[in-house]
Amino acid sequence: MLLVLCVDLDDDLGRKTGVDTPVIGRDAVEEAAVALATADPEDSDVNVLFEGLHLQNSIEDEDVEVAAVTGVDGKDVAANRKVGEEVDTVLASISASDDVRAIVVTDGAQDESVVPVIRSRVYIDGVQRVVVRQAQDLESMYYTIKQVLDDPETRGTILVPLGILLLIYPLAIVADYFGMPGAVFGMTSGLLGLYILGRGLGVERALDAAIDRLRSVFYAGRVTLITSVVAAALLLVGGVEGVQSLEATQTDRGTLGALEVAAALVYGAVRWFAAAGITSSLGRVTDEFLAGEFKWHYLNAPFYVVAISAVLYGMSAYFLDMVSLSFLAATLTGGTILGLVSTLAFAVVESRVQTDRPPA
């Protein structure tokens, strides 16, 4: 049996006429078509219903049944599900053999989005699209543009560069007012270049992930948020101190070599960087403890920071001729011993805690 299936995805038939769907059989579909044409002669679904009747009349070499199914207005997922349910009802009511094929009749690309749902239930011989001749492809173009604008990925790819290009004229007026006409094209090309580079490198995904992590940290009440802000401030202060140390060294000694420049920067900044590292690591340890995921070896982090900072401080001071070789040897030895002792101590503590813990 061949089933001619008229699809009205947004349920104009049910909303405008009050007809119960699905509508099954030639007489019922004809009455529904007349009712819809009477209620709204301009509705394109009227053409769909009459095209279904026309197809039934034109096929004479096999049994043909015609039916109309509808979806839900304004909800694509719900509409597709409702169409699927009504197709099941139609197939159950025609009492045919398993060899049922369908021709789907629609009024445009939007209704054709439900074709995969129908195909999952019955084999489709073809899809017949019915549109007014004077408006050929108009609805399809509208639906395609609507899909493009609804997709965040495509919307960002098309609309953002277009928006930047449309800013050229108002920016040119502003730049001409301030006597900088050449700045417009440089600013526009810079914005386009940054956007294209960001899209190519996937910066937007990294930013979205970072914002999501920051939001989760903020609402979870984690100490890491506070300690990270404090650590960032300490790093900033350390950078300023490093530059000031370099300037003071250049004032005292004149021209410096590359090694001395690096040593001066490290010498001024290392204490603040060490404080930032300790603050950040303590915040992380606190969060792990509050989350019940604390491990003793996490406490190695602040001791490692102190050990590394001591080594860097000793080396930078030695290269600036501010301390003796014995002081450098002492800091290197002290940093190494501190790292080893902390590692061994917390490893022993953690192993004993796990041994004393009762089995689950």
# chains A, B, ... in the order shown; residues from 1 in each chain; ligands from 1
>>> select_by_dssp(residues="region 239-298 of chain A", states="alpha helix (DSSP H)", output="VMD selection string")
chain A and resid 239 to 253 258 to 290
>>> write_last_selection(atoms="C-alpha atoms", output="compact mmCIF listing (two decimals), in the first residue's frame")
# COMPACT_ATOMS: atom_id res chain seq x y z
CA GLY A 239 57.31 42.33 38.54
CA VAL A 240 57.50 45.99 39.55
CA GLU A 241 60.16 45.21 42.17
CA GLY A 242 62.17 43.29 39.57
CA VAL A 243 62.14 46.24 37.17
CA GLN A 244 63.11 48.64 39.96
CA SER A 245 65.96 46.30 40.96
CA LEU A 246 67.18 46.28 37.37
CA GLU A 247 67.06 50.08 37.15
CA ALA A 248 68.95 50.43 40.43
CA THR A 249 71.62 47.97 39.27
CA GLN A 250 72.01 49.79 35.95
CA THR A 251 72.40 53.08 37.82
CA ASP A 252 75.17 51.64 39.99
CA ARG A 253 77.04 49.62 37.34
CA ALA A 258 72.25 39.54 29.62
CA LEU A 259 73.09 37.38 32.65
CA GLU A 260 73.25 40.38 34.96
CA VAL A 261 69.94 41.75 33.62
CA ALA A 262 68.22 38.42 34.34
CA ALA A 263 69.88 38.23 37.77
CA ALA A 264 68.72 41.75 38.68
CA LEU A 265 65.14 41.01 37.64
CA VAL A 266 65.07 37.73 39.59
CA TYR A 267 66.73 39.27 42.66
CA GLY A 268 64.05 41.96 42.95
CA ALA A 269 61.06 39.78 42.17
CA VAL A 270 61.85 36.37 43.68
CA ARG A 271 60.59 37.13 47.20
CA TRP A 272 57.24 38.36 45.95
CA PHE A 273 56.95 35.47 43.50
CA ALA A 274 57.68 33.06 46.35
CA ALA A 275 54.93 34.65 48.46
CA ALA A 276 52.53 34.31 45.50
CA GLY A 277 53.40 30.65 45.02
CA ILE A 278 52.98 29.84 48.72
CA THR A 279 49.65 31.69 48.87
CA SER A 280 48.29 29.92 45.79
CA SER A 281 49.44 26.47 46.91
CA LEU A 282 47.98 26.90 50.40
CA GLY A 283 44.64 27.87 48.88
CA ARG A 284 44.66 24.76 46.70
CA VAL A 285 45.55 22.54 49.67
CA THR A 286 42.72 24.09 51.70
CA ASP A 287 40.17 23.41 48.95
CA GLU A 288 41.30 19.80 48.59
CA PHE A 289 40.98 19.33 52.36
CA LEU A 290 37.47 20.83 52.42
>>> residues_around(residues="His54 (chain A)", least_positions_apart="5", cutoff="12 Å", atoms="only C-alpha atoms", output="list in words")
Val4, Cys6, Arg26, Val29, Glu30, Asn47, Val48, Leu49, Ile59, Glu60, Val64, Glu65, Val66, Val105, Gln128 and Val130 of chain A
>>> closest_residue(among="A:Asp176, A:Asp45, A:Asp99, A:Asp8", to="Thr70 (chain A)", atoms="only C-alpha atoms")
A:Asp8
>>> atom_distance(atom1="CA of Ser44 (chain A)", atom2="CA of Ala92 (chain A)")
28.1 Å
>>> residues_around(residues="Gly14 (chain A)", least_positions_apart="5", cutoff="9 Å", atoms="only C-alpha atoms", output="list of chain:residue names")
A:Val19, A:Asp20, A:Thr21, A:Leu36, A:Thr70
>>> closest_residue(among="A:Glu350, A:Asp27, A:Asp10, A:Asp212", to="Gly52 (chain A)", atoms="only C-alpha atoms")
A:Asp27
